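Just below is one structure, and these are the notes that go with it.
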Amino acid sequence: MAVDTVSCADAAGEVAFIYTLGEALVQPVLSVEMQLTGDYGLSTDPDHPDHDGEYVSRGFVGDDVEGAEVSWKDEDGHEHLAMSFRIGRVYEARQALVGGVVAVAAGGLWTVSCRSSDLGQ
């Protein structure tokens, strides 16, 4: 599996996020960047302005399903969940649809449609 960039958004434009998948089996989700309507966003990239210590605490790729949990640690070292997502891929002949659900801690839960660079979308 080559690097795949997946971009997702809900129909109302309230949440959008991008994640990158790599070849590693242990931690295939390399990065996540998310933005809610307004000013709340997060990023696992230390050089991004929305990065406040968030990191991919759990990522997975299975049979046409992938997902991750993004967390942060407080000053006492306790881990807190910032967001999580589960994305499925469905194929019919030469067509594919990608979509799923994202949850943002204290923000809400959204159904999202996605595009995958690996699928040429």
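If you're wondering about the labels, chains in the structure tokens are A, B, ... by order shown, residues count from 1 in each chain, ligands from 1 in order shown.
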Give me, as number ranges by chain, all polymer residues having an atom no more than 12 Å from Ile18 of chain A, counting only C-alpha atoms and skipping those fewer than 4 positions away in the same chain. A: 4-9, 29-35, 41-45, 67-68, 85, 87, 102, 112-117
From the DSSP assignment of the backbone, select every residue of segment 31-121 of chain A that is strand (DSSP E or B), and format the answer as an MDAnalysis selection string. chainID A and resid 31:36 41:43 55:61 65:73 79:92 95:104 108:116
Go through A:Thr20, A:Thr111, A:Gln121, A:Ser84 one by one, measure the shortest atom-to-atom distance of each to Ala96 of chain A using only C-alpha atoms, and give the residue with the smallest value.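 Ranked by minimum distance to Ala96 of chain A, first place goes to A:Gln121.
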May I have the residues within 9 Å of segment 70-75 of chain A as a PyMOL selection string, using only C-alpha atoms and disregarding those fewer than 5 positions away in the same chain? chain A and resi 32+44+52-59+80-85
Expected file contents, prior selection, all heavy atoms, as a short mmCIF file (atom, residue, chain, number, x, y, z; two decimals), in the first residue's frame:
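The result, written out as part21.cif:
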```cif
data_model
loop_
_atom_site.label_atom_id
_atom_site.label_comp_id
_atom_site.auth_asym_id
_atom_site.auth_seq_id
_atom_site.Cartn_x
_atom_site.Cartn_y
_atom_site.Cartn_z
N VAL A 32 -3.16 13.37 11.05
CA VAL A 32 -4.57 13.78 11.00
C VAL A 32 -4.61 15.29 11.20
O VAL A 32 -3.90 15.84 12.05
CB VAL A 32 -5.42 13.10 12.10
CG1 VAL A 32 -6.86 13.59 12.06
CG2 VAL A 32 -5.35 11.58 11.99
N THR A 44 -1.91 16.71 14.08
CA THR A 44 -0.85 15.90 14.67
C THR A 44 0.52 16.34 14.17
O THR A 44 1.53 15.80 14.61
CB THR A 44 -1.06 14.40 14.37
OG1 THR A 44 -1.07 14.20 12.95
CG2 THR A 44 -2.37 13.91 14.97
N ASP A 52 -1.53 21.19 19.30
CA ASP A 52 -1.39 21.43 20.74
C ASP A 52 -1.00 20.14 21.45
O ASP A 52 -1.51 19.83 22.52
CB ASP A 52 -2.70 21.96 21.33
CG ASP A 52 -2.99 23.38 20.91
OD1 ASP A 52 -2.04 24.19 20.88
OD2 ASP A 52 -4.15 23.69 20.60
N GLY A 53 -0.15 19.35 20.81
CA GLY A 53 0.30 18.10 21.40
C GLY A 53 -0.50 16.88 20.98
O GLY A 53 -0.31 15.79 21.51
N GLU A 54 -1.42 17.03 20.03
CA GLU A 54 -2.23 15.89 19.58
C GLU A 54 -1.35 14.89 18.83
O GLU A 54 -0.40 15.26 18.15
CB GLU A 54 -3.37 16.33 18.66
CG GLU A 54 -4.37 17.25 19.29
CD GLU A 54 -4.04 18.71 19.11
OE1 GLU A 54 -2.97 19.05 18.56
OE2 GLU A 54 -4.87 19.55 19.52
N TYR A 55 -1.71 13.62 18.94
CA TYR A 55 -0.99 12.54 18.26
C TYR A 55 -1.97 11.41 17.96
O TYR A 55 -3.03 11.31 18.58
CB TYR A 55 0.16 12.03 19.13
CG TYR A 55 -0.26 11.53 20.47
CD1 TYR A 55 -0.53 10.17 20.67
CD2 TYR A 55 -0.44 12.39 21.53
CE1 TYR A 55 -0.95 9.70 21.91
CE2 TYR A 55 -0.86 11.94 22.77
CZ TYR A 55 -1.10 10.59 22.95
OH TYR A 55 -1.52 10.14 24.17
N VAL A 56 -1.63 10.59 16.98
CA VAL A 56 -2.45 9.43 16.66
C VAL A 56 -2.14 8.37 17.72
O VAL A 56 -1.05 7.82 17.77
CB VAL A 56 -2.15 8.89 15.24
CG1 VAL A 56 -3.00 7.65 14.96
CG2 VAL A 56 -2.41 9.96 14.19
N SER A 57 -3.12 8.12 18.58
CA SER A 57 -2.91 7.17 19.66
C SER A 57 -3.26 5.74 19.23
O SER A 57 -2.78 4.78 19.83
CB SER A 57 -3.72 7.56 20.89
OG SER A 57 -5.08 7.74 20.56
N ARG A 58 -4.08 5.62 18.20
CA ARG A 58 -4.45 4.29 17.69
C ARG A 58 -4.92 4.48 16.26
O ARG A 58 -5.79 5.30 16.00
CB ARG A 58 -5.56 3.68 18.52
CG ARG A 58 -6.02 2.33 18.03
CD ARG A 58 -7.10 1.74 18.96
NE ARG A 58 -7.64 0.54 18.37
CZ ARG A 58 -8.78 0.49 17.68
NH1 ARG A 58 -9.50 1.57 17.51
NH2 ARG A 58 -9.21 -0.64 17.17
N GLY A 59 -4.35 3.72 15.35
CA GLY A 59 -4.78 3.75 13.97
C GLY A 59 -4.83 2.33 13.43
O GLY A 59 -4.07 1.48 13.88
N HIS A 80 -6.15 11.94 26.84
CA HIS A 80 -7.53 12.34 26.59
C HIS A 80 -7.81 12.21 25.10
O HIS A 80 -6.99 12.60 24.27
CB HIS A 80 -7.76 13.79 27.01
CG HIS A 80 -7.46 14.04 28.45
ND1 HIS A 80 -8.39 13.83 29.44
CD2 HIS A 80 -6.33 14.45 29.06
CE1 HIS A 80 -7.84 14.11 30.60
NE2 HIS A 80 -6.59 14.50 30.40
N LEU A 81 -8.98 11.69 24.76
CA LEU A 81 -9.38 11.52 23.38
C LEU A 81 -9.84 12.85 22.81
O LEU A 81 -10.69 13.52 23.38
CB LEU A 81 -10.51 10.49 23.27
CG LEU A 81 -10.97 10.12 21.87
CD1 LEU A 81 -9.85 9.43 21.11
CD2 LEU A 81 -12.19 9.23 21.94
N ALA A 82 -9.27 13.26 21.67
CA ALA A 82 -9.66 14.51 21.00
C ALA A 82 -10.66 14.23 19.89
O ALA A 82 -11.60 14.98 19.70
CB ALA A 82 -8.43 15.21 20.43
N MET A 83 -10.45 13.15 19.14
CA MET A 83 -11.36 12.78 18.06
C MET A 83 -11.11 11.34 17.66
O MET A 83 -10.06 10.77 17.97
CB MET A 83 -11.19 13.69 16.83
CG MET A 83 -9.92 13.44 16.04
SD MET A 83 -9.78 14.32 14.47
CE MET A 83 -10.91 13.45 13.43
N SER A 84 -12.09 10.76 17.00
CA SER A 84 -11.93 9.42 16.44
C SER A 84 -12.76 9.34 15.17
O SER A 84 -13.71 10.10 14.99
CB SER A 84 -12.37 8.35 17.44
OG SER A 84 -13.75 8.45 17.72
N PHE A 85 -12.37 8.44 14.28
CA PHE A 85 -13.13 8.25 13.05
C PHE A 85 -13.03 6.80 12.58
O PHE A 85 -12.08 6.10 12.88
CB PHE A 85 -12.68 9.21 11.94
CG PHE A 85 -11.23 9.09 11.55
CD1 PHE A 85 -10.83 8.21 10.55
CD2 PHE A 85 -10.26 9.86 12.17
CE1 PHE A 85 -9.50 8.11 10.17
CE2 PHE A 85 -8.93 9.77 11.80
CZ PHE A 85 -8.55 8.90 10.80
#
```
Between A:Gly77, A:Glu69, A:Ala105, A:Val98, which is the closest to Leu119 of chain A once you count only C-alpha atoms?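 Smallest distance to Leu119 of chain A is found for A:Val98.
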Go through A:Val65, A:Leu109, A:Ala103, A:Val15 and flag the residue nearest Arg89 of chain A, using only C-alpha atoms for the distances.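 Closest candidate: A:Val65.
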In Å, rounded to a single decimal, give me how far atom CA of Gly88 of chain A is from atom CA of Asp39 of chain A.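 Computing the Euclidean distance for atom CA of Asp39 of chain A and atom CA of Gly88 of chain A yields 28.0 Å.
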Would you work out the distance separating atom CA of Glu66 of chain A from atom CA of Gly120 of chain A, expressed in Å to one decimal? 17.7 Å
Just checking: using only C-alpha atoms, which residue out of A:Gly38, A:Gly13, A:Gly108, A:Gly62 ends up closest to Arg86 of chain A?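 The answer is A:Gly62, which sits nearest to Arg86 of chain A.
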